[in-house]
>>> print(open('target-v1.cif').read())   # mmCIF, C-alpha atoms, pLDDT in the B column; chains and numbers go by the auth columns
data_entry
#
loop_
_atom_site.group_PDB
_atom_site.id
_atom_site.type_symbol
_atom_site.label_atom_id
_atom_site.label_comp_id
_atom_site.label_asym_id
_atom_site.label_seq_id
_atom_site.Cartn_x
_atom_site.Cartn_y
_atom_site.Cartn_z
_atom_site.B_iso_or_equiv
_atom_site.auth_seq_id
_atom_site.auth_asym_id
ATOM 1 C CA MET A 1 26.230 0.660 3.427 77.00 1 A
ATOM 2 C CA THR A 2 29.527 -0.748 4.582 77.00 2 A
ATOM 3 C CA ALA A 3 32.937 0.792 4.087 72.00 3 A
ATOM 4 C CA PRO A 4 36.311 -0.959 4.286 65.00 4 A
ATOM 5 C CA PHE A 5 38.673 0.309 6.946 55.00 5 A
ATOM 6 C CA GLY A 6 41.910 1.618 5.483 41.00 6 A
ATOM 7 C CA ARG A 7 44.356 4.468 5.669 33.00 7 A
ATOM 8 C CA THR A 8 41.843 7.074 4.601 36.00 8 A
ATOM 9 C CA ALA A 9 38.966 5.735 6.699 42.00 9 A
ATOM 10 C CA ARG A 10 38.495 7.360 10.061 46.00 10 A
ATOM 11 C CA PRO A 11 36.032 6.456 12.789 48.00 11 A
ATOM 12 C CA ARG A 12 33.576 9.160 13.846 49.00 12 A
ATOM 13 C CA ARG A 13 34.818 11.544 16.480 48.00 13 A
ATOM 14 C CA GLY A 14 33.337 11.787 19.917 47.00 14 A
ATOM 15 C CA GLY A 15 32.373 9.193 22.502 51.00 15 A
ATOM 16 C CA THR A 16 29.870 6.509 21.816 54.00 16 A
ATOM 17 C CA GLY A 17 27.421 8.317 24.099 59.00 17 A
ATOM 18 C CA THR A 18 27.482 11.539 22.071 75.00 18 A
ATOM 19 C CA GLY A 19 24.076 11.966 20.475 78.00 19 A
ATOM 20 C CA ALA A 20 22.670 8.868 22.166 83.00 20 A
ATOM 21 C CA TRP A 21 19.402 10.749 22.656 91.00 21 A
ATOM 22 C CA ILE A 22 18.814 11.219 18.903 89.00 22 A
ATOM 23 C CA PHE A 23 17.416 7.773 18.079 93.00 23 A
ATOM 24 C CA PRO A 24 14.887 7.733 20.990 95.00 24 A
ATOM 25 C CA ALA A 25 13.897 11.297 20.069 96.00 25 A
ATOM 26 C CA VAL A 26 13.294 10.317 16.436 95.00 26 A
ATOM 27 C CA VAL A 27 11.180 7.370 17.586 97.00 27 A
ATOM 28 C CA LEU A 28 9.070 9.602 19.846 98.00 28 A
ATOM 29 C CA VAL A 29 8.534 12.235 17.159 98.00 29 A
ATOM 30 C CA THR A 30 7.647 9.549 14.618 98.00 30 A
ATOM 31 C CA VAL A 31 5.136 7.915 16.957 98.00 31 A
ATOM 32 C CA ALA A 32 3.560 11.299 17.713 98.00 32 A
ATOM 33 C CA ALA A 33 3.306 12.112 14.001 98.00 33 A
ATOM 34 C CA ALA A 34 1.824 8.652 13.330 98.00 34 A
ATOM 35 C CA TRP A 35 -0.813 9.268 16.004 98.00 35 A
ATOM 36 C CA ALA A 36 -1.696 12.624 14.416 98.00 36 A
ATOM 37 C CA THR A 37 -1.853 10.951 10.994 98.00 37 A
ATOM 38 C CA ALA A 38 -4.157 8.216 12.299 98.00 38 A
ATOM 39 C CA ALA A 39 -6.432 10.878 13.757 97.00 39 A
ATOM 40 C CA GLY A 40 -6.545 12.751 10.443 96.00 40 A
ATOM 41 C CA THR A 41 -5.141 15.883 12.052 97.00 41 A
ATOM 42 C CA ALA A 42 -4.676 18.842 9.726 96.00 42 A
ATOM 43 C CA PRO A 43 -2.479 19.552 7.902 97.00 43 A
ATOM 44 C CA LEU A 44 -2.487 15.838 7.126 97.00 44 A
ATOM 45 C CA GLY A 45 0.292 15.978 4.548 96.00 45 A
ATOM 46 C CA VAL A 46 2.721 17.432 7.074 97.00 46 A
ATOM 47 C CA TRP A 47 2.077 14.637 9.549 98.00 47 A
ATOM 48 C CA VAL A 48 2.437 11.990 6.853 98.00 48 A
ATOM 49 C CA PHE A 49 5.725 13.620 5.817 95.00 49 A
ATOM 50 C CA VAL A 50 7.061 13.529 9.379 96.00 50 A
ATOM 51 C CA THR A 51 5.851 9.946 9.893 97.00 51 A
ATOM 52 C CA VAL A 52 7.496 8.668 6.715 95.00 52 A
ATOM 53 C CA LEU A 53 10.688 10.664 7.185 91.00 53 A
ATOM 54 C CA GLY A 54 11.007 9.617 10.819 93.00 54 A
ATOM 55 C CA GLY A 55 10.319 6.006 9.919 95.00 55 A
ATOM 56 C CA TRP A 56 12.943 6.177 7.192 91.00 56 A
ATOM 57 C CA LEU A 57 15.574 7.519 9.627 88.00 57 A
ATOM 58 C CA ILE A 58 14.733 4.714 12.067 93.00 58 A
ATOM 59 C CA THR A 59 15.185 2.042 9.415 92.00 59 A
ATOM 60 C CA LEU A 60 18.383 3.724 8.218 88.00 60 A
ATOM 61 C CA CYS A 61 19.771 3.228 11.725 88.00 61 A
ATOM 62 C CA LEU A 62 18.551 -0.374 11.773 93.00 62 A
ATOM 63 C CA HIS A 63 20.109 -0.969 8.348 92.00 63 A
ATOM 64 C CA GLU A 64 23.533 0.116 9.572 90.00 64 A
ATOM 65 C CA PHE A 65 22.999 -1.700 12.872 93.00 65 A
ATOM 66 C CA GLY A 66 22.409 -4.883 10.849 95.00 66 A
ATOM 67 C CA HIS A 67 25.778 -4.476 9.133 95.00 67 A
ATOM 68 C CA ALA A 68 27.486 -3.980 12.490 94.00 68 A
ATOM 69 C CA VAL A 69 25.843 -6.954 14.217 96.00 69 A
ATOM 70 C CA VAL A 70 26.832 -9.363 11.449 97.00 70 A
ATOM 71 C CA ALA A 71 30.357 -7.903 11.356 97.00 71 A
ATOM 72 C CA LEU A 72 30.660 -8.494 15.101 97.00 72 A
ATOM 73 C CA ARG A 73 29.521 -12.100 14.699 97.00 73 A
ATOM 74 C CA GLY A 74 31.979 -12.486 11.845 97.00 74 A
ATOM 75 C CA GLY A 75 34.943 -11.397 13.942 97.00 75 A
ATOM 76 C CA ASP A 76 35.239 -7.618 13.585 96.00 76 A
ATOM 77 C CA THR A 77 34.983 -6.507 17.204 95.00 77 A
ATOM 78 C CA SER A 78 35.987 -2.947 16.270 94.00 78 A
ATOM 79 C CA VAL A 79 32.343 -2.117 15.487 92.00 79 A
ATOM 80 C CA ARG A 80 31.582 -2.183 19.204 92.00 80 A
ATOM 81 C CA GLY A 81 34.227 0.411 20.042 89.00 81 A
ATOM 82 C CA ARG A 82 33.040 2.691 17.261 87.00 82 A
ATOM 83 C CA GLY A 83 29.534 2.751 18.722 86.00 83 A
ATOM 84 C CA TYR A 84 27.780 1.099 15.787 89.00 84 A
ATOM 85 C CA LEU A 85 25.786 -1.133 18.143 90.00 85 A
ATOM 86 C CA THR A 86 24.114 1.808 19.890 86.00 86 A
ATOM 87 C CA LEU A 87 21.674 2.854 17.126 88.00 87 A
ATOM 88 C CA ASN A 88 23.220 6.320 17.464 85.00 88 A
ATOM 89 C CA PRO A 89 23.053 7.843 13.956 82.00 89 A
ATOM 90 C CA LEU A 90 25.992 10.144 14.654 81.00 90 A
ATOM 91 C CA ARG A 91 28.285 7.137 14.765 80.00 91 A
ATOM 92 C CA TYR A 92 27.885 6.449 11.061 70.00 92 A
ATOM 93 C CA ALA A 93 26.320 9.647 9.817 63.00 93 A
ATOM 94 C CA ASN A 94 27.682 12.335 7.582 62.00 94 A
ATOM 95 C CA GLY A 95 25.506 15.442 7.761 57.00 95 A
ATOM 96 C CA ALA A 96 25.240 16.023 4.028 60.00 96 A
ATOM 97 C CA MET A 97 25.407 12.430 2.772 64.00 97 A
ATOM 98 C CA THR A 98 23.147 10.879 5.409 63.00 98 A
ATOM 99 C CA PHE A 99 20.519 13.547 5.977 64.00 99 A
ATOM 100 C CA VAL A 100 20.507 16.520 3.622 67.00 100 A
ATOM 101 C CA ILE A 101 21.042 14.883 0.209 71.00 101 A
ATOM 102 C CA PRO A 102 18.879 11.769 0.845 72.00 102 A
ATOM 103 C CA LEU A 103 16.110 13.954 2.337 71.00 103 A
ATOM 104 C CA VAL A 104 16.058 16.300 -0.652 74.00 104 A
ATOM 105 C CA ILE A 105 16.074 13.418 -3.136 76.00 105 A
ATOM 106 C CA LEU A 106 13.427 11.521 -1.163 79.00 106 A
ATOM 107 C CA ALA A 107 11.209 14.616 -1.082 74.00 107 A
ATOM 108 C CA ILE A 108 11.677 15.456 -4.764 73.00 108 A
ATOM 109 C CA GLY A 109 11.643 12.035 -6.347 69.00 109 A
ATOM 110 C CA GLY A 110 10.506 9.652 -3.628 73.00 110 A
ATOM 111 C CA LEU A 111 13.686 7.591 -3.927 80.00 111 A
ATOM 112 C CA PRO A 112 15.277 6.447 -0.656 82.00 112 A
ATOM 113 C CA LEU A 113 19.019 6.552 -1.080 74.00 113 A
ATOM 114 C CA PRO A 114 21.609 4.907 1.169 66.00 114 A
ATOM 115 C CA GLY A 115 23.108 7.377 3.588 64.00 115 A
ATOM 116 C CA GLY A 116 25.336 6.306 6.441 67.00 116 A
ATOM 117 C CA ALA A 117 28.104 3.752 6.320 78.00 117 A
ATOM 118 C CA VAL A 118 29.837 1.621 8.921 83.00 118 A
ATOM 119 C CA LEU A 119 33.573 1.108 8.715 87.00 119 A
ATOM 120 C CA ILE A 120 34.389 -2.576 8.603 90.00 120 A
ATOM 121 C CA GLU A 121 37.858 -4.036 9.151 93.00 121 A
ATOM 122 C CA HIS A 122 37.490 -6.806 6.606 90.00 122 A
ATOM 123 C CA GLY A 123 40.796 -8.334 7.635 92.00 123 A
ATOM 124 C CA ARG A 124 39.222 -9.301 10.947 95.00 124 A
ATOM 125 C CA LEU A 125 36.324 -11.171 9.361 96.00 125 A
ATOM 126 C CA ARG A 126 36.752 -14.928 9.389 95.00 126 A
ATOM 127 C CA SER A 127 35.999 -15.617 5.729 97.00 127 A
ATOM 128 C CA ARG A 128 34.792 -14.234 2.429 96.00 128 A
ATOM 129 C CA VAL A 129 31.343 -15.558 3.258 97.00 129 A
ATOM 130 C CA TRP A 130 31.246 -13.355 6.347 97.00 130 A
ATOM 131 C CA ARG A 131 32.368 -10.337 4.293 96.00 131 A
ATOM 132 C CA SER A 132 29.544 -10.975 1.888 97.00 132 A
ATOM 133 C CA ALA A 133 27.063 -11.530 4.727 98.00 133 A
ATOM 134 C CA VAL A 134 27.984 -8.203 6.323 97.00 134 A
ATOM 135 C CA SER A 135 27.041 -6.351 3.125 96.00 135 A
ATOM 136 C CA LEU A 136 23.880 -8.406 2.687 97.00 136 A
ATOM 137 C CA ALA A 137 22.627 -7.704 6.214 97.00 137 A
ATOM 138 C CA GLY A 138 21.565 -4.103 5.570 94.00 138 A
ATOM 139 C CA PRO A 139 19.317 -4.746 2.550 96.00 139 A
ATOM 140 C CA LEU A 140 17.784 -7.725 4.372 97.00 140 A
ATOM 141 C CA VAL A 141 16.809 -5.358 7.191 97.00 141 A
ATOM 142 C CA ASN A 142 14.999 -3.190 4.632 96.00 142 A
ATOM 143 C CA LEU A 143 13.201 -6.216 3.184 98.00 143 A
ATOM 144 C CA VAL A 144 12.055 -7.375 6.618 98.00 144 A
ATOM 145 C CA ALA A 145 11.014 -3.832 7.549 98.00 145 A
ATOM 146 C CA GLY A 146 9.038 -3.583 4.306 98.00 146 A
ATOM 147 C CA VAL A 147 7.111 -6.765 5.055 98.00 147 A
ATOM 148 C CA LEU A 148 6.426 -5.776 8.675 98.00 148 A
ATOM 149 C CA LEU A 149 5.266 -2.288 7.695 98.00 149 A
ATOM 150 C CA THR A 150 3.004 -3.769 5.011 98.00 150 A
ATOM 151 C CA VAL A 151 1.386 -6.038 7.586 98.00 151 A
ATOM 152 C CA LEU A 152 1.112 -3.167 10.076 98.00 152 A
ATOM 153 C CA ALA A 153 -0.525 -0.870 7.512 98.00 153 A
ATOM 154 C CA ALA A 154 -3.305 -3.414 7.007 97.00 154 A
ATOM 155 C CA GLN A 155 -4.255 -3.059 10.678 97.00 155 A
ATOM 156 C CA PHE A 156 -5.345 0.575 10.300 97.00 156 A
ATOM 157 C CA ASP A 157 -8.464 2.049 8.741 95.00 157 A
ATOM 158 C CA SER A 158 -7.120 5.583 8.633 97.00 158 A
ATOM 159 C CA PRO A 159 -4.634 7.764 6.716 98.00 159 A
ATOM 160 C CA LEU A 160 -1.893 6.089 8.738 98.00 160 A
ATOM 161 C CA ALA A 161 -2.363 3.051 6.479 98.00 161 A
ATOM 162 C CA PHE A 162 -1.317 5.227 3.527 98.00 162 A
ATOM 163 C CA ALA A 163 1.762 6.564 5.309 98.00 163 A
ATOM 164 C CA LEU A 164 2.893 3.114 6.444 98.00 164 A
ATOM 165 C CA SER A 165 2.253 1.652 2.993 98.00 165 A
ATOM 166 C CA PHE A 166 4.431 4.290 1.335 97.00 166 A
ATOM 167 C CA LEU A 167 7.114 3.766 3.978 97.00 167 A
ATOM 168 C CA ALA A 168 6.966 0.017 3.285 98.00 168 A
ATOM 169 C CA LEU A 169 7.330 0.680 -0.437 97.00 169 A
ATOM 170 C CA LEU A 170 10.414 2.799 0.285 96.00 170 A
ATOM 171 C CA GLN A 171 11.948 -0.125 2.156 96.00 171 A
ATOM 172 C CA PHE A 172 11.578 -2.373 -0.878 97.00 172 A
ATOM 173 C CA ILE A 173 13.043 0.303 -3.139 94.00 173 A
ATOM 174 C CA ALA A 174 15.976 0.750 -0.751 93.00 174 A
ATOM 175 C CA ALA A 175 16.615 -2.997 -0.676 96.00 175 A
ATOM 176 C CA ILE A 176 16.644 -3.247 -4.466 95.00 176 A
ATOM 177 C CA LEU A 177 18.875 -0.178 -4.859 92.00 177 A
ATOM 178 C CA ASN A 178 21.340 -1.404 -2.267 92.00 178 A
ATOM 179 C CA LEU A 179 21.534 -4.850 -3.849 95.00 179 A
ATOM 180 C CA LEU A 180 22.523 -3.511 -7.254 94.00 180 A
ATOM 181 C CA PRO A 181 26.090 -4.661 -8.045 95.00 181 A
ATOM 182 C CA VAL A 182 27.357 -1.076 -8.198 93.00 182 A
ATOM 183 C CA PRO A 183 30.669 -0.225 -6.506 93.00 183 A
ATOM 184 C CA GLY A 184 29.964 1.625 -3.285 89.00 184 A
ATOM 185 C CA LEU A 185 26.635 -0.111 -2.696 93.00 185 A
ATOM 186 C CA ASP A 186 25.957 -3.216 -0.634 94.00 186 A
ATOM 187 C CA GLY A 187 25.300 -5.318 -3.716 95.00 187 A
ATOM 188 C CA TRP A 188 28.901 -4.844 -4.771 95.00 188 A
ATOM 189 C CA GLY A 189 30.024 -5.717 -1.265 95.00 189 A
ATOM 190 C CA VAL A 190 28.135 -9.006 -1.529 97.00 190 A
ATOM 191 C CA ILE A 191 29.993 -10.172 -4.644 97.00 191 A
ATOM 192 C CA ALA A 192 33.346 -8.384 -4.236 95.00 192 A
ATOM 193 C CA PRO A 193 34.875 -10.927 -1.804 95.00 193 A
ATOM 194 C CA PHE A 194 34.573 -13.598 -4.491 96.00 194 A
ATOM 195 C CA LEU A 195 36.210 -11.522 -7.232 96.00 195 A
ATOM 196 C CA SER A 196 39.917 -11.531 -7.973 95.00 196 A
ATOM 197 C CA ALA A 197 42.168 -9.068 -6.168 92.00 197 A
ATOM 198 C CA ARG A 198 43.029 -7.492 -9.526 94.00 198 A
ATOM 199 C CA THR A 199 39.360 -6.833 -10.285 95.00 199 A
ATOM 200 C CA GLN A 200 38.703 -5.345 -6.857 92.00 200 A
ATOM 201 C CA GLU A 201 41.740 -3.072 -7.145 93.00 201 A
ATOM 202 C CA ALA A 202 40.751 -1.937 -10.634 94.00 202 A
ATOM 203 C CA VAL A 203 37.273 -0.953 -9.419 94.00 203 A
ATOM 204 C CA ARG A 204 38.402 0.721 -6.186 92.00 204 A
ATOM 205 C CA PRO A 205 39.039 4.219 -7.687 92.00 205 A
ATOM 206 C CA PHE A 206 35.464 4.351 -8.988 89.00 206 A
ATOM 207 C CA THR A 207 33.830 3.303 -5.717 87.00 207 A
ATOM 208 C CA PRO A 208 33.265 6.826 -4.280 82.00 208 A
ATOM 209 C CA TRP A 209 31.675 8.080 -7.501 87.00 209 A
ATOM 210 C CA ALA A 210 29.669 5.161 -8.839 89.00 210 A
ATOM 211 C CA PRO A 211 26.628 5.750 -6.555 84.00 211 A
ATOM 212 C CA PHE A 212 26.408 9.374 -7.716 82.00 212 A
ATOM 213 C CA VAL A 213 26.468 8.263 -11.343 88.00 213 A
ATOM 214 C CA LEU A 214 23.643 5.862 -10.538 87.00 214 A
ATOM 215 C CA ILE A 215 21.630 8.694 -8.955 82.00 215 A
ATOM 216 C CA LEU A 216 22.081 10.847 -12.055 83.00 216 A
ATOM 217 C CA LEU A 217 20.953 7.987 -14.271 87.00 217 A
ATOM 218 C CA LEU A 218 17.876 7.350 -12.132 83.00 218 A
ATOM 219 C CA PHE A 219 16.790 10.973 -12.320 79.00 219 A
ATOM 220 C CA SER A 220 17.636 11.504 -15.967 83.00 220 A
ATOM 221 C CA SER A 221 16.208 8.328 -17.466 81.00 221 A
ATOM 222 C CA PRO A 222 12.610 7.172 -16.837 80.00 222 A
ATOM 223 C CA GLN A 223 13.513 3.956 -18.663 84.00 223 A
ATOM 224 C CA ILE A 224 15.887 3.114 -15.808 83.00 224 A
ATOM 225 C CA VAL A 225 13.850 4.264 -12.805 86.00 225 A
ATOM 226 C CA GLN A 226 10.493 2.810 -13.897 89.00 226 A
ATOM 227 C CA PRO A 227 11.601 -0.852 -13.578 91.00 227 A
ATOM 228 C CA LEU A 228 12.783 0.007 -10.061 91.00 228 A
ATOM 229 C CA TRP A 229 9.329 1.286 -9.117 91.00 229 A
ATOM 230 C CA ASP A 230 7.666 -1.680 -10.832 94.00 230 A
ATOM 231 C CA ALA A 231 9.822 -4.189 -8.946 96.00 231 A
ATOM 232 C CA SER A 232 9.210 -2.392 -5.653 96.00 232 A
ATOM 233 C CA TYR A 233 5.444 -2.323 -6.158 96.00 233 A
ATOM 234 C CA TRP A 234 5.580 -6.026 -7.032 97.00 234 A
ATOM 235 C CA LEU A 235 7.384 -6.833 -3.772 98.00 235 A
ATOM 236 C CA PHE A 236 4.954 -4.630 -1.855 98.00 236 A
ATOM 237 C CA SER A 237 1.934 -6.331 -3.432 97.00 237 A
ATOM 238 C CA THR A 238 3.455 -9.776 -2.910 98.00 238 A
ATOM 239 C CA ALA A 239 3.788 -8.943 0.797 98.00 239 A
ATOM 240 C CA GLY A 240 0.049 -8.217 0.846 97.00 240 A
ATOM 241 C CA GLY A 241 0.089 -4.466 0.360 98.00 241 A
ATOM 242 C CA ASP A 242 -2.430 -2.338 -1.513 97.00 242 A
ATOM 243 C CA ALA A 243 -0.673 -0.376 -4.271 97.00 243 A
ATOM 244 C CA ARG A 244 -3.329 2.338 -4.098 97.00 244 A
ATOM 245 C CA TRP A 245 -2.556 2.957 -0.449 97.00 245 A
ATOM 246 C CA ALA A 246 1.159 3.348 -1.184 97.00 246 A
ATOM 247 C CA THR A 247 0.339 5.786 -3.996 95.00 247 A
ATOM 248 C CA PHE A 248 -1.947 7.807 -1.724 97.00 248 A
ATOM 249 C CA GLY A 249 0.816 7.871 0.867 97.00 249 A
ATOM 250 C CA ARG A 250 3.311 9.131 -1.699 93.00 250 A
ATOM 251 C CA VAL A 251 0.946 11.932 -2.731 94.00 251 A
ATOM 252 C CA LEU A 252 0.368 12.971 0.894 96.00 252 A
ATOM 253 C CA PHE A 253 4.099 12.782 1.623 94.00 253 A
ATOM 254 C CA GLN A 254 4.798 15.270 -1.165 90.00 254 A
ATOM 255 C CA PHE A 255 2.113 17.597 0.204 90.00 255 A
ATOM 256 C CA TRP A 256 3.631 20.751 -1.305 86.00 256 A
ATOM 257 C CA ARG A 257 2.929 19.608 -4.850 80.00 257 A
#
>>> encode(input="target-v1.cif", output="structure tokens")
Amino acid sequence: MTAPFGRTARPRRGGTGTGAWIFPAVVLVTVAAAWATAAGTAPLGVWVFVTVLGGWLITLCLHEFGHAVVALRGGDTSVRGRGYLTLNPLRYANGAMTFVIPLVILAIGGLPLPGGAVLIEHGRLRSRVWRSAVSLAGPLVNLVAGVLLTVLAAQFDSPLAFALSFLALLQFIAAILNLLPVPGLDGWGVIAPFLSARTQEAVRPFTPWAPFVLILLLFSSPQIVQPLWDASYWLFSTAGGDARWATFGRVLFQFWR
């Protein structure tokens, strides 16, 4: 997600090098878990869980990195000083919002929710098109990651194919969720620059709460969440994925059930 820089927005504390080891560590743990999954090591569900969770954290970093790169190209050089170009999750992470809540919801319902957010000084961006492009960059990263993971899953004849397929499916779900025109999500950021100032100001008070309302609706109404799954499976299948593999991966991921 992206967040406008204003009076109440504060950059993360600490130097840009603080926590620089986290992303490489997550990559190493994820690769190790993927190797164990490919080998069918018991308990298989645990290794699938670690593989998918680690992969999701990696793509979360890449999602936010995508926002920052486009913002830099669009004229907001402040993203460099805030450390958003380092893939360091602490630069845009909030402990509860980025890790705890999304992890719990992902584990319970299999829905990947947006976590971190980069602070963008929209006044520095050269045009409304660039403001829109900055918001669009993150979901596009998820779409590309979903396609690449789908292709990668097809290269394995092991349980790793199931884990990667489910992770790919999560990328498509994340892209669709983020592109919804809901205040606080990237989809709103895509269209907001082209709305009137009065409309943007009227919506601003609801921005912090709208995503939580969406979460409640998704978990309380199967009629709302089912089209999301259907659309995600359609994208996954269109990219060449096997829906059965993604379903097997989801079952293994929720190994405690």
>>> closest_atom_pairs(input="target-v1.cif", of="region 77-166 of chain A", to="region 25-47 of chain A", cutoff="7 Å", atoms="only C-alpha atoms", output="JSON lines")
{"residue": "A:Ser158", "atom": "CA", "partner": "A:Ala38", "partner_atom": "CA", "distance": 5.4}
{"residue": "A:Pro159", "atom": "CA", "partner": "A:Ala38", "partner_atom": "CA", "distance": 5.6}
{"residue": "A:Leu160", "atom": "CA", "partner": "A:Ala38", "partner_atom": "CA", "distance": 4.7}
>>> resolve_selection(input="target-v1.cif", expression="the PyMOL selection byres ((chain A and resi 251) around 12)", output="list in words")
Leu44, Gly45, Val46, Val48, Phe49, Val52, Ala107, Ile108, Gly109, Gly110, Pro159, Phe162, Ala163, Ser165, Phe166, Arg244, Trp245, Ala246, Thr247, Phe248, Gly249, Arg250, Leu252, Phe253, Gln254, Phe255, Trp256 and Arg257 of chain A
>>> resolve_selection(input="target-v1.cif", expression="the PyMOL selection byres ((chain A and resi 136-148) around 8)", output="ChimeraX atom specification")
/A:1,59,62-67,70,132-135,149-152,167-172,174-176,178-179,186-187,189-190,236,239
>>> atom_distance(input="target-v1.cif", atom1="CA of Leu60 (chain A)", atom2="CA of Arg128 (chain A)")
25.0 Å
>>> atom_distance(input="target-v1.cif", atom1="CA of Leu214 (chain A)", atom2="CA of Leu164 (chain A)")
27.0 Å
>>> atom_distance(input="target-v1.cif", atom1="CA of Ile224 (chain A)", atom2="CA of Leu111 (chain A)")
12.9 Å
>>> resolve_selection(input="target-v1.cif", expression="the PyMOL selection byres ((chain A and resi 211) around 10)", output="compact mmCIF listing (two decimals) with C-alpha atoms, in the coordinates of the input")
# COMPACT_ATOMS: atom_id res chain seq x y z
CA LEU A 113 19.02 6.55 -1.08
CA PRO A 114 21.61 4.91 1.17
CA LEU A 177 18.88 -0.18 -4.86
CA ASN A 178 21.34 -1.40 -2.27
CA VAL A 182 27.36 -1.08 -8.20
CA PRO A 183 30.67 -0.22 -6.51
CA GLY A 184 29.96 1.62 -3.28
CA LEU A 185 26.64 -0.11 -2.70
CA PHE A 206 35.46 4.35 -8.99
CA THR A 207 33.83 3.30 -5.72
CA PRO A 208 33.26 6.83 -4.28
CA TRP A 209 31.68 8.08 -7.50
CA ALA A 210 29.67 5.16 -8.84
CA PHE A 212 26.41 9.37 -7.72
CA VAL A 213 26.47 8.26 -11.34
CA LEU A 214 23.64 5.86 -10.54
CA ILE A 215 21.63 8.69 -8.96
CA LEU A 216 22.08 10.85 -12.06
CA LEU A 217 20.95 7.99 -14.27
>>> axis_aligned_box(input="target-v1.cif", around="region 65-74 of chain A", padding_each_side="8 Å", output="JSON")
{"center_x": 27.2, "center_y": -7.1, "center_z": 12.1, "size_x": 25.6, "size_y": 26.8, "size_z": 22.0}
>>> closest_residue(input="target-v1.cif", among="A:Leu125, A:Ala3, A:Ala154, A:Leu87", to="Arg73 (chain A)", atoms="all atoms listed in the file")
A:Leu125
>>> residues_around(input="target-v1.cif", residues="Thr77 (chain A)", least_positions_apart="5", cutoff="12 Å", atoms="only C-alpha atoms", output="list in words")
Ala68, Val69, Val70, Ala71, Leu72, Arg82, Gly83, Tyr84, Leu85, Leu119, Ile120, Glu121, His122, Gly123, Arg124, Leu125 and Arg126 of chain A
>>> closest_residue(input="target-v1.cif", among="A:Thr18, A:Ala243, A:Thr199, A:Leu53", to="Val104 (chain A)", atoms="all atoms listed in the file")
A:Leu53
>>> closest_residue(input="target-v1.cif", among="A:Gly240, A:Pro193, A:Ala153, A:Trp188", to="Val129 (chain A)", atoms="all atoms listed in the file")
A:Pro193
>>> closest_residue(input="target-v1.cif", among="A:Leu218, A:Trp130, A:Asp230, A:Phe156", to="Phe194 (chain A)", atoms="only C-alpha atoms")
A:Trp130
>>> closest_residue(input="target-v1.cif", among="A:Pro227, A:Ala192, A:Trp56, A:Ser237", to="Arg204 (chain A)", atoms="only C-alpha atoms")
A:Ala192
